[in-house]
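Visitor: I'm passing along entry02.txt; it holds compact mmCIF, C-alpha atoms.
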# COMPACT_ATOMS: atom_id res chain seq x y z
CA MET G 265 0.00 0.00 0.00
CA LEU G 266 1.39 3.40 -0.97
CA ASN G 267 -0.13 4.98 2.13
CA ARG G 268 1.36 2.40 4.52
CA ASP G 269 3.39 4.10 7.26
CA PRO G 270 3.72 1.84 10.32
CA VAL G 271 5.18 4.59 12.49
CA ALA G 272 2.37 7.03 11.72
CA ASP G 273 -0.24 4.26 12.02
CA ALA G 274 1.10 3.32 15.45
CA ARG G 275 1.08 6.96 16.55
CA MET G 276 -2.56 7.33 15.55
CA ALA G 277 -3.56 4.02 17.13
CA ARG G 278 -1.90 4.91 20.44
CA SER G 279 -3.24 8.47 20.57
CA ARG G 280 -5.63 9.15 23.45
CA GLY G 281 -7.92 11.56 21.65
CA VAL G 282 -8.13 14.57 19.37
CA ALA G 283 -6.03 16.78 21.67
CA ASP G 284 -3.28 14.16 21.77
CA TYR G 285 -3.42 13.77 17.97
CA ALA G 286 -3.71 17.47 17.14
CA LEU G 287 -0.31 17.94 15.48
CA PRO G 288 -0.64 14.96 13.08
CA LEU G 289 -4.15 16.21 12.24
CA LEU G 290 -2.76 19.60 11.25
CA LEU G 291 0.12 18.11 9.26
CA TYR G 292 -1.94 15.45 7.48
CA PRO G 293 -2.94 17.58 4.43
CA LEU G 294 0.73 18.47 3.93
CA GLY G 295 1.75 14.83 3.50
CA ALA G 296 3.35 13.25 0.44
CA HIS G 297 0.11 12.31 -1.35
CA CYS G 298 -2.35 14.89 -0.08
CA LEU G 299 -0.36 18.05 -0.81
CA PRO G 300 0.03 17.34 -4.57
CA VAL G 301 -3.70 16.62 -4.79
CA ILE G 302 -4.46 19.94 -3.07
CA ALA G 303 -2.10 21.78 -5.42
CA MET G 304 -3.62 20.16 -8.52
CA LEU G 305 -7.22 20.82 -7.48
CA ALA G 306 -6.42 24.39 -6.44
CA PHE G 307 -4.82 25.06 -9.84
CA PHE G 308 -7.74 23.57 -11.78
CA ILE G 309 -10.38 25.39 -9.73
CA THR G 310 -8.56 28.71 -10.02
CA LEU G 311 -8.12 28.23 -13.76
CA SER G 312 -11.80 27.45 -14.22
CA LEU G 313 -12.89 30.49 -12.19
CA ARG G 314 -10.86 32.93 -14.30
CA THR G 315 -13.47 32.76 -17.07
CA ALA G 316 -16.29 35.28 -17.29
CA GLY G 317 -19.18 34.55 -14.96
CA THR G 318 -22.35 34.62 -16.95
CA LEU G 319 -24.34 31.86 -15.24
CA PRO G 320 -26.39 32.33 -12.06
CA LEU G 321 -24.47 32.66 -8.76
CA GLY G 322 -21.37 33.74 -10.69
CA ILE G 323 -20.58 30.26 -12.00
CA PRO G 324 -18.21 30.50 -15.00
CA ASP G 325 -19.53 29.30 -18.30
CA ALA G 326 -16.38 28.47 -20.24
CA GLY G 327 -14.65 26.87 -17.25
CA LEU G 328 -17.71 24.99 -16.05
CA PRO G 329 -16.56 21.50 -17.20
CA LEU G 330 -13.18 21.89 -15.52
CA LEU G 331 -14.81 23.24 -12.36
CA ALA G 332 -17.27 20.32 -12.26
CA ILE G 333 -14.49 17.77 -12.73
CA SER G 334 -12.42 19.43 -10.01
CA LEU G 335 -15.30 19.39 -7.54
CA ILE G 336 -16.05 15.71 -8.32
CA TRP G 337 -12.39 14.82 -7.75
CA THR G 338 -12.44 16.78 -4.53
CA LEU G 339 -15.42 14.81 -3.23
CA PHE G 340 -13.89 11.53 -4.42
CA TYR G 341 -10.64 12.22 -2.58
CA LEU G 342 -12.54 13.46 0.47
CA LEU G 343 -14.22 10.05 0.78
CA GLU G 344 -10.89 8.30 0.21
CA VAL G 345 -9.35 10.21 3.12
CA ILE G 346 -12.25 9.34 5.43
CA ARG G 347 -12.24 5.66 4.39
CA GLU G 348 -8.49 5.10 4.69
CA THR G 349 -8.26 6.92 8.02
CA ALA G 350 -11.18 4.94 9.45
CA ARG G 351 -9.39 1.73 8.40
CA GLY G 352 -6.31 2.70 10.40
CA HIS G 353 -4.06 4.47 7.87
CA ALA G 354 -2.57 7.69 9.24
CA ARG G 355 -0.97 8.64 5.93
CA ALA G 356 -3.01 10.20 3.13
CA PRO G 357 -3.83 7.89 0.20
CA PRO G 358 -2.90 8.65 -3.39
CA LEU G 359 -5.59 9.81 -5.79
CA ARG G 360 -6.53 6.51 -7.40
CA GLY G 361 -7.24 5.98 -11.09
CA GLU G 362 -10.91 5.37 -10.31
CA ALA G 363 -11.26 9.15 -10.05
CA LEU G 364 -11.12 9.23 -13.85
CA TYR G 365 -14.53 7.57 -13.89
CA LEU G 366 -16.46 10.71 -13.06
CA ALA G 367 -19.67 8.81 -12.35
CA VAL G 368 -18.01 7.45 -9.19
CA GLY G 369 -17.68 10.97 -7.87
CA LEU G 370 -21.31 11.85 -8.53
CA LYS G 371 -22.64 9.65 -5.73
CA PRO G 372 -21.56 12.01 -2.88
CA LEU G 373 -23.46 14.83 -4.58
CA THR G 374 -26.83 13.19 -3.94
CA LEU G 375 -27.52 14.73 -0.53
CA PRO G 376 -26.19 18.21 -1.45
CA LEU G 377 -28.33 18.18 -4.60
CA LEU G 378 -31.43 17.14 -2.65
CA VAL G 379 -30.77 19.85 -0.08
CA GLY G 380 -30.11 22.40 -2.81
CA ALA G 381 -33.38 21.57 -4.53
CA GLY G 382 -35.24 21.87 -1.24
CA TRP G 383 -33.58 25.20 -0.48
CA LEU G 384 -34.48 26.63 -3.89
CA ALA G 385 -38.08 25.53 -3.40
CA LEU G 386 -38.34 27.06 0.10
CA ARG G 387 -36.21 30.20 0.02
CA THR G 388 -38.91 32.49 -1.44
CA PRO G 389 -42.15 31.28 0.22
CA HIS G 390 -40.54 30.08 3.48
CA PRO G 391 -37.07 31.60 4.01
CA GLN G 392 -36.89 30.46 7.64
CA ALA G 393 -37.63 26.87 6.65
CA ALA G 394 -34.95 27.11 3.96
CA LEU G 395 -32.39 28.20 6.55
CA ALA G 396 -33.49 25.41 8.90
CA LEU G 397 -33.03 22.90 6.07
CA LEU G 398 -29.48 24.13 5.50
CA ALA G 399 -28.72 23.91 9.23
CA VAL G 400 -29.99 20.32 9.47
CA ALA G 401 -28.09 19.37 6.32
CA ALA G 402 -24.87 20.84 7.73
CA PHE G 403 -25.39 18.85 10.94
CA VAL G 404 -25.94 15.48 9.22
CA LEU G 405 -23.36 16.00 6.46
CA PRO G 406 -20.47 14.39 8.43
CA ALA G 407 -22.62 11.32 9.12
CA TYR G 408 -23.65 11.11 5.46
CA LEU G 409 -20.06 11.35 4.22
CA PHE G 410 -18.70 8.90 6.79
CA ILE G 411 -21.29 6.21 6.05
CA LEU G 412 -20.87 6.67 2.30
CA ALA G 413 -17.08 6.43 2.64
CA THR G 414 -17.03 3.35 4.86
CA GLU G 415 -19.99 1.39 3.43
CA ASP G 416 -20.13 2.73 -0.15
CA VAL G 417 -23.90 2.26 -0.36
CA LEU G 418 -25.91 5.39 -1.12
CA LEU G 419 -29.12 4.11 0.47
CA TYR G 420 -27.25 3.48 3.72
CA ALA G 421 -25.76 6.97 3.60
CA LEU G 422 -29.23 8.49 3.19
CA ASP G 423 -30.72 6.46 6.08
CA PRO G 424 -31.54 8.74 9.07
CA ALA G 425 -31.45 5.74 11.41
CA ARG G 426 -27.80 5.15 10.48
CA TRP G 427 -27.04 8.84 11.02
CA LEU G 428 -28.47 8.64 14.51
CA ARG G 429 -26.61 5.40 15.26
CA LEU G 430 -23.31 6.99 14.21
CA MET G 431 -24.01 10.13 16.23
CA GLY G 432 -24.87 8.05 19.27
CA THR G 433 -21.68 6.01 18.92
CA LEU G 434 -19.39 9.01 18.50
CA GLY G 435 -21.19 11.01 21.16
CA ALA G 436 -20.19 14.64 21.65
CA SER G 437 -17.11 14.14 19.47
CA TYR G 438 -19.45 13.99 16.46
CA LEU G 439 -19.75 17.78 16.73
CA LEU G 440 -16.03 18.30 16.15
CA PRO G 441 -15.98 17.89 12.34
CA GLY G 442 -18.99 20.19 12.00
CA LEU G 443 -17.39 22.80 14.24
CA ALA G 444 -14.11 22.46 12.36
CA LEU G 445 -15.95 22.90 9.06
CA ALA G 446 -17.76 25.98 10.37
CA GLY G 447 -14.46 27.39 11.60
CA SER G 448 -12.95 26.70 8.19
CA VAL G 449 -15.71 28.65 6.46
CA TRP G 450 -15.11 31.58 8.82
CA LEU G 451 -11.36 31.42 8.17
CA LEU G 452 -11.87 31.31 4.41
CA ARG G 453 -14.16 34.34 4.49
CA LEU G 454 -11.57 36.17 6.56
CA ALA G 455 -8.75 35.22 4.19
CA ALA G 456 -10.69 35.96 1.02
CA GLY G 457 -9.78 39.63 1.19
CA TRP G 458 -6.02 39.20 1.24
CA LEU G 459 -5.22 35.82 -0.36
CA SER G 460 -5.01 35.25 -4.11
CA GLY G 461 -7.44 32.85 -5.72
CA LEU G 462 -4.88 30.06 -6.00
CA LEU G 463 -3.84 30.28 -2.35
CA LEU G 464 -7.44 30.52 -1.22
CA ALA G 465 -8.33 27.39 -3.19
CA GLY G 466 -5.30 25.63 -1.69
CA LEU G 467 -6.32 26.66 1.83
CA THR G 468 -9.82 25.35 1.13
CA GLY G 469 -8.40 21.97 0.14
CA TYR G 470 -6.16 21.90 3.21
CA LEU G 471 -9.11 22.54 5.52
CA LEU G 472 -11.47 20.12 3.75
CA PHE G 473 -9.08 17.18 3.80
CA GLY G 474 -8.00 18.00 7.33
CA VAL G 475 -11.62 17.83 8.49
CA ALA G 476 -12.08 14.58 6.53
CA HIS G 477 -9.08 13.09 8.34
CA LEU G 478 -10.58 14.22 11.65
CA LEU G 479 -13.88 12.53 10.81
CA GLY G 480 -12.13 9.32 9.80
CA TYR G 481 -10.02 9.45 12.97
CA LEU G 482 -13.12 9.68 15.17
CA GLY G 483 -14.57 6.64 13.38
CA PHE G 484 -11.28 4.76 13.75
CA ARG G 485 -11.33 5.28 17.50
CA ARG G 486 -14.78 3.67 17.62
CA HIS G 487 -14.15 1.04 14.94
CA ALA G 488 -15.25 -1.85 17.16
CA GLU G 489 -18.60 -0.26 18.03
CA LEU G 490 -19.15 0.75 14.39
CA GLY G 491 -18.18 -2.67 13.03
CA LEU G 492 -15.39 -1.29 10.83
CA ALA G 493 -12.73 -3.65 9.50
CA LEU G 494 -9.24 -2.28 10.03
CA ALA G 495 -6.56 -2.55 7.36
CA VAL G 496 -3.78 -2.43 9.97
CA LYS G 497 -3.50 -4.04 13.37
CA HIS G 498 -3.08 -2.03 16.52
CA PRO G 499 0.67 -2.07 17.28
CA ASP G 500 0.07 -3.33 20.81
CA GLN G 501 -2.06 -6.19 19.45
CA GLN G 502 0.63 -7.03 16.93
CA ALA G 503 3.25 -7.11 19.71
CA ARG G 504 1.03 -9.39 21.80
CA GLU G 505 0.57 -11.76 18.87
CA GLN G 506 4.32 -11.90 18.26
CA GLU G 507 4.94 -12.62 21.94
CA GLN G 508 2.29 -15.34 21.85
CA VAL G 509 4.00 -16.99 18.87
CA ARG G 510 7.34 -16.85 20.68
CA ARG G 511 5.92 -18.48 23.81
CA GLN G 512 4.19 -21.19 21.82
CA GLN G 513 7.36 -21.99 19.94
CA GLN G 514 9.15 -22.39 23.27
CA LEU G 515 6.36 -24.66 24.51
CA LEU G 516 6.50 -26.84 21.39
CA ILE G 517 10.29 -27.12 21.74
CA ALA G 518 9.86 -28.26 25.35
CA ILE G 519 7.20 -30.81 24.30
CA ASP G 520 9.47 -32.16 21.56
CA ALA G 521 12.34 -32.45 24.05
CA ALA G 522 10.14 -34.41 26.48
CA LEU G 523 9.02 -36.79 23.73
CA LEU G 524 12.60 -37.32 22.56
CA ALA G 525 13.47 -38.25 26.13
CA GLY G 526 10.61 -40.76 26.08
CA ASP G 527 8.68 -38.87 28.77
CA GLU G 528 5.17 -38.53 27.36
CA ALA G 529 3.82 -37.79 30.84
CA ALA G 530 6.03 -34.69 31.02
CA ALA G 531 4.78 -33.55 27.60
CA THR G 532 1.21 -34.04 28.81
CA ARG G 533 1.88 -31.94 31.91
CA LEU G 534 3.33 -29.16 29.77
CA ILE G 535 0.10 -29.05 27.74
CA GLU G 536 -2.15 -29.21 30.80
CA THR G 537 -0.33 -26.35 32.55
CA ALA G 538 0.53 -24.11 29.57
CA PRO G 539 -0.23 -20.45 30.39
CA GLY G 540 -2.42 -18.34 28.18
CA GLY G 541 0.17 -15.71 27.36
CA PRO G 542 -0.54 -12.12 26.26
CA LEU G 543 -3.57 -13.17 24.18
CA SER G 544 -6.72 -14.79 25.51
CA LEU G 545 -6.39 -18.29 26.90
CA ARG G 546 -8.80 -19.56 24.25
CA ASP G 547 -6.65 -18.20 21.41
CA ALA G 548 -3.54 -19.71 22.95
CA LEU G 549 -5.18 -23.13 23.37
CA GLU G 550 -6.64 -23.05 19.85
CA SER G 551 -3.20 -22.33 18.43
CA LEU G 552 -1.60 -25.09 20.52
CA PHE G 553 -4.31 -27.58 19.51
CA TRP G 554 -3.77 -27.03 15.79
CA SER G 555 0.02 -26.89 16.12
CA LEU G 556 0.07 -30.32 17.76
CA ARG G 557 -2.29 -31.65 15.09
CA SER G 558 -0.14 -30.28 12.26
CA LYS G 559 2.94 -31.90 13.82
CA GLY G 560 1.15 -35.24 13.86
CA LEU G 561 1.33 -35.72 17.63
CA VAL G 562 -1.80 -37.88 17.67
CA ARG G 563 -1.53 -38.93 21.32
CA LEU G 564 -1.19 -35.33 22.55
CA VAL G 565 -3.89 -33.67 20.42
CA PRO G 566 -6.73 -35.05 22.65
CA VAL G 567 -4.88 -33.72 25.71
CA ALA G 568 -4.87 -30.21 24.25
CA GLY G 569 -8.41 -30.73 22.95
CA ARG G 570 -9.64 -31.65 26.42
CA ARG G 571 -8.35 -28.39 27.85
CA LEU G 572 -9.59 -26.35 24.89
CA ILE G 573 -13.09 -27.83 25.20
CA GLY G 574 -13.26 -26.78 28.83
CA GLN G 575 -12.29 -23.21 27.94
CA LEU G 576 -14.72 -23.03 25.03
CA LEU G 577 -17.62 -24.25 27.15
CA SER G 578 -16.78 -21.72 29.85
CA GLU G 579 -17.18 -19.03 27.16
CA GLN G 580 -20.49 -20.49 25.90
CA ARG G 581 -18.93 -21.60 22.60
CA SER G 582 -20.60 -25.00 22.56
CA GLN G 583 -20.60 -25.52 18.78
CA ARG G 584 -16.86 -24.94 18.51
CA ALA G 585 -16.30 -27.24 21.51
CA LEU G 586 -18.29 -29.95 19.75
CA GLU G 587 -16.13 -29.56 16.62
CA VAL G 588 -12.97 -29.97 18.72
CA ALA G 589 -14.48 -33.04 20.39
CA GLU G 590 -15.21 -34.59 17.00
CA THR G 591 -11.59 -34.03 15.94
CA CYS G 592 -10.39 -35.72 19.13
CA LEU G 593 -12.79 -38.65 18.65
CA ASN G 594 -11.39 -39.18 15.16
CA LEU G 595 -7.97 -39.65 16.76
CA ASP G 596 -9.10 -41.49 19.88
CA PRO G 597 -12.52 -43.21 19.83
CA ARG G 598 -12.48 -43.39 23.64
CA PHE G 599 -11.91 -39.66 24.06
CA GLN G 600 -13.79 -37.97 26.92
CA PRO G 601 -13.67 -34.36 28.12
CA ALA G 602 -12.23 -33.55 31.53
CA ARG G 603 -15.53 -33.44 33.43
CA ILE G 604 -18.93 -35.12 33.18
CA GLU G 605 -20.77 -31.80 32.97
CA GLN G 606 -18.65 -30.92 29.93
CA LEU G 607 -19.64 -34.16 28.25
CA GLU G 608 -23.27 -33.39 29.03
CA ALA G 609 -22.91 -29.93 27.47
CA LEU G 610 -21.39 -31.50 24.34
CA ALA G 611 -24.22 -34.03 24.17
CA ARG G 612 -26.81 -31.27 24.42
CA GLN G 613 -25.13 -29.38 21.60
CA ALA G 614 -25.06 -32.53 19.47
CA ILE G 615 -28.80 -32.97 20.09
CA VAL G 616 -29.57 -29.32 19.31
CA GLY G 617 -27.43 -29.43 16.17
CA ARG G 618 -28.96 -32.77 15.11
CA TYR G 619 -25.73 -34.77 14.96
CA PRO G 620 -27.00 -38.24 15.96
CA GLU G 621 -23.89 -40.13 14.91
CA LEU G 622 -21.62 -37.76 16.81
CA LEU G 623 -23.87 -38.04 19.86
CA GLN G 624 -23.58 -41.82 19.79
CA ARG G 625 -19.80 -41.53 19.54
CA LEU G 626 -19.73 -39.19 22.52
CA LEU G 627 -21.87 -41.50 24.66
CA ARG G 628 -20.45 -44.85 23.49
CA HIS G 629 -17.93 -45.12 26.33
CA ALA G 630 -19.69 -42.81 28.79
CA GLY G 631 -21.50 -43.78 31.97
CA ASP G 632 -21.64 -46.88 34.12
CA GLY G 633 -25.18 -48.07 33.53
CA GLY G 634 -26.64 -45.56 35.97
CA ARG G 635 -24.89 -46.86 39.10
CA ASP G 636 -22.89 -43.67 39.74
CA PRO G 637 -25.10 -40.61 40.43
CA GLN G 638 -22.51 -38.39 38.71
CA TRP G 639 -23.49 -39.94 35.38
CA ALA G 640 -27.22 -39.83 36.06
CA GLY G 641 -27.88 -36.49 34.41
CA LEU G 642 -26.09 -37.49 31.22
CA GLN G 643 -27.89 -40.83 31.07
CA PHE G 644 -31.23 -39.08 31.59
CA LEU G 645 -30.41 -36.71 28.73
CA HIS G 646 -29.64 -39.70 26.53
CA ALA G 647 -32.97 -41.30 27.47
CA GLN G 648 -34.86 -38.09 26.61
CA TYR G 649 -33.13 -38.01 23.24
CA LEU G 650 -34.05 -41.62 22.46
CA ALA G 651 -37.69 -41.13 23.44
CA GLU G 652 -38.38 -37.68 22.02
CA GLN G 653 -36.27 -37.62 18.86
CA ARG G 654 -35.75 -41.28 17.98
CA GLY G 655 -39.10 -42.60 19.22
CA ASP G 656 -37.45 -45.52 21.02
CA ASP G 657 -39.41 -45.55 24.28
CA ALA G 658 -38.26 -49.01 25.30
CA ALA G 659 -34.55 -48.09 25.02
CA ALA G 660 -35.22 -44.85 26.86
CA LEU G 661 -36.99 -46.68 29.68
CA ALA G 662 -34.07 -49.09 29.98
CA LEU G 663 -31.81 -46.09 30.63
CA VAL G 664 -34.16 -44.33 33.07
CA GLU G 665 -35.05 -47.29 35.32
CA PRO G 666 -31.55 -47.62 36.84
CA LEU G 667 -31.73 -43.94 37.78
CA LEU G 668 -34.74 -44.43 40.06
CA GLY G 669 -32.45 -45.65 42.84
CA HIS G 670 -30.80 -42.22 43.11
CA ARG G 671 -33.45 -40.73 45.40
CA ASP G 672 -31.12 -37.98 46.62
CA HIS G 673 -30.30 -36.78 43.13
CA PRO G 674 -31.57 -33.23 42.28
CA GLN G 675 -33.42 -34.68 39.28
CA ALA G 676 -34.90 -37.65 41.17
CA ALA G 677 -38.46 -36.41 40.75
CA ALA G 678 -37.92 -35.90 37.02
CA PHE G 679 -36.47 -39.42 36.72
CA ALA G 680 -39.57 -40.93 38.38
CA ALA G 681 -42.06 -38.89 36.35
CA TYR G 682 -40.32 -39.69 33.08
CA ALA G 683 -40.16 -43.40 33.93
CA ARG G 684 -43.92 -43.46 34.63
CA ALA G 685 -44.64 -41.73 31.33
CA LEU G 686 -42.43 -44.14 29.39
CA LYS G 687 -44.01 -47.19 31.09
CA SER G 688 -47.46 -45.92 30.21
CA LEU G 689 -46.45 -45.41 26.57
CA THR G 690 -44.80 -48.80 26.23
CA GLN G 691 -47.76 -50.61 27.87
CA ARG G 692 -50.13 -48.96 25.43
CA GLY G 693 -47.81 -49.84 22.57
CA LEU G 694 -47.45 -46.22 21.47
Will you turn the file into structure tokens for me?

Guide:
Amino acid sequence: MLNRDPVADARMARSRGVADYALPLLLYPLGAHCLPVIAMLAFFITLSLRTAGTLPLGIPDAGLPLLAISLIWTLFYLLEVIRETARGHARAPPLRGEALYLAVGLKPLTLPLLVGAGWLALRTPHPQAALALLAVAAFVLPAYLFILATEDVLLYALDPARWLRLMGTLGASYLLPGLALAGSVWLLRLAAGWLSGLLLAGLTGYLLFGVAHLLGYLGFRRHAELGLALAVKHPDQQAREQEQVRRQQQLLIAIDAALLAGDEAAATRLIETAPGGPLSLRDALESLFWSLRSKGLVRLVPVAGRRLIGQLLSEQRSQRALEVAETCLNLDPRFQPARIEQLEALARQAIVGRYPELLQRLLRHAGDGGRDPQWAGLQFLHAQYLAEQRGDDAAALALVEPLLGHRDHPQAAAFAAYARALKSLTQRGL
């Protein structure tokens, strides 16, 4: 990427707010790509305005095509600045070749044209309403441009509900681009009396693209809430990932050393006690699980899988836990998770997901025929599955009857009631 600058990206990512990022905001339009674009647009706009103004509002007639193209390119680059900043790039992007397709630049003009038409219709009969329309348009313009830049769908950009959602996410900081734009207009009016046309056009471009960078920066700081995909990783996250890779490599080296020494028990202990590292424990265990699998350490993969399943279930990720369990069962048909309640959670997920074969594999070596109360809940779940989804009341009753002896079990009443219902159904031949 031509606008890739890791140092600048890291500075923006680590900044604590607009005040902390003020200097890079001011210098942004003077960067390697933005400044030539400003100079080019300023030259074209000035050249187009030097023709005689014969159209309404002083618009030049001979230079009108060049002026229109310049304004379209300005809007196109404005959206590029917002988009790239919101994705995490602190350096201005180049003006891409797509700008030559002028139809691409017409999309941002939709809201201004609608507002302009409304203002022309209201200014004579209802001048106050016309001014109110302009005020509302100025207030929602940052939201319109941001949504159009980041989602590139005109209907989304014109959706008031999305405007309100963006305003609510950004909070009071949403007012900053509007205030900066208003301040820019005031500064331009002040400078109009003593700056030449070329310099005034250049100052306009500097302020516009600076405000666009500010708007993109505010979105970048709330990228998670706004659901924006970043093009660059936060430098701290990247450092954590690198540290995690280093620690895992050390762990795998230690496991290999234990296996070379013929001490599989030591390798197992290393897996069972491996720390999570700078990333989440789940990410660390996922990485370890797949690393062991890729190395072909068949006897150790279920050990890592057992620990990973426990972590996934603690985070309510039952479907992923079931997938890991299936992988482990493919390597070891007698695989069981660490605790009975984890096996029960996996069985429930298999029932919910309608994986009957996987459920049978999970339960094939589970339980003791109902003698141990610890297995009673799982056996009762199996009986419910057989009766309610497979229609095998007799098999379900055979599983429930041994549970009736566990009178102190929390589900004892449910065991008895279910057994009575199954007996009634089997006696009637239903």

Visitor: Which of these residues is nearest to Gly281 of chain G, using all atoms listed in the file: G:Leu478, G:Ala350, G:Val404, G:Leu451?

Guide: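 Comparing G:Leu478, G:Ala350, G:Val404, G:Leu451 against Gly281 of chain G, the winner is G:Leu478.
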
Visitor: Between atom CA of Ala421 of chain G and atom CA of Ala407 of chain G, what is the distance, to one decimal in Å?

Guide: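 Going from atom CA of Ala421 of chain G over to atom CA of Ala407 of chain G, I get 7.7 Å.
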
Visitor: Using all atoms listed in the file, list the residues that have an atom at most 10 Å from (-19.6, 13.3, 5.3), coordinates as in the file, as a list in words.

Guide: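 In the file's frame, the residues around the point are Leu339, Leu342, Leu343, Ile346, Pro372, Leu375, Ala402, Phe403, Val404, Leu405, Pro406, Ala407, Tyr408, Leu409, Phe410, Ile411, Leu412, Ala413, Ala421, Pro441, Gly442, Val475, Ala476, Leu479 and Gly480 of chain G.
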
Visitor: With all atoms listed in the file as the counted atoms, please give the residues lying no more than 12 Å from Leu299 of chain G, apart from itself and same-chain residues fewer than 5 positions off, as a PyMOL selection string.

Guide: chain G and resi 291-294+304-306+341+355-359+466-467+469-471+473-474

Visitor: Give as an MDAnalysis selection string every residue, naming chains and numbers as the document does, that has an atom within 10 Å of (-12.6, -41.0, 22.1), counting all atoms listed in the file.

Guide: chainID G and resid 566 589:601 625:630

Visitor: As an exercise, work out the distance from atom CA of Val496 of chain G to atom CA of Ala363 of chain G in Å and give it to one decimal place.

Guide: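 Between atom CA of Val496 of chain G and atom CA of Ala363 of chain G the gap works out to 24.3 Å.
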
Visitor: Please report the interatomic distance between atom CA of Leu472 of chain G and atom CA of Leu378 of chain G in Å with one decimal.

Guide: 21.2 Å
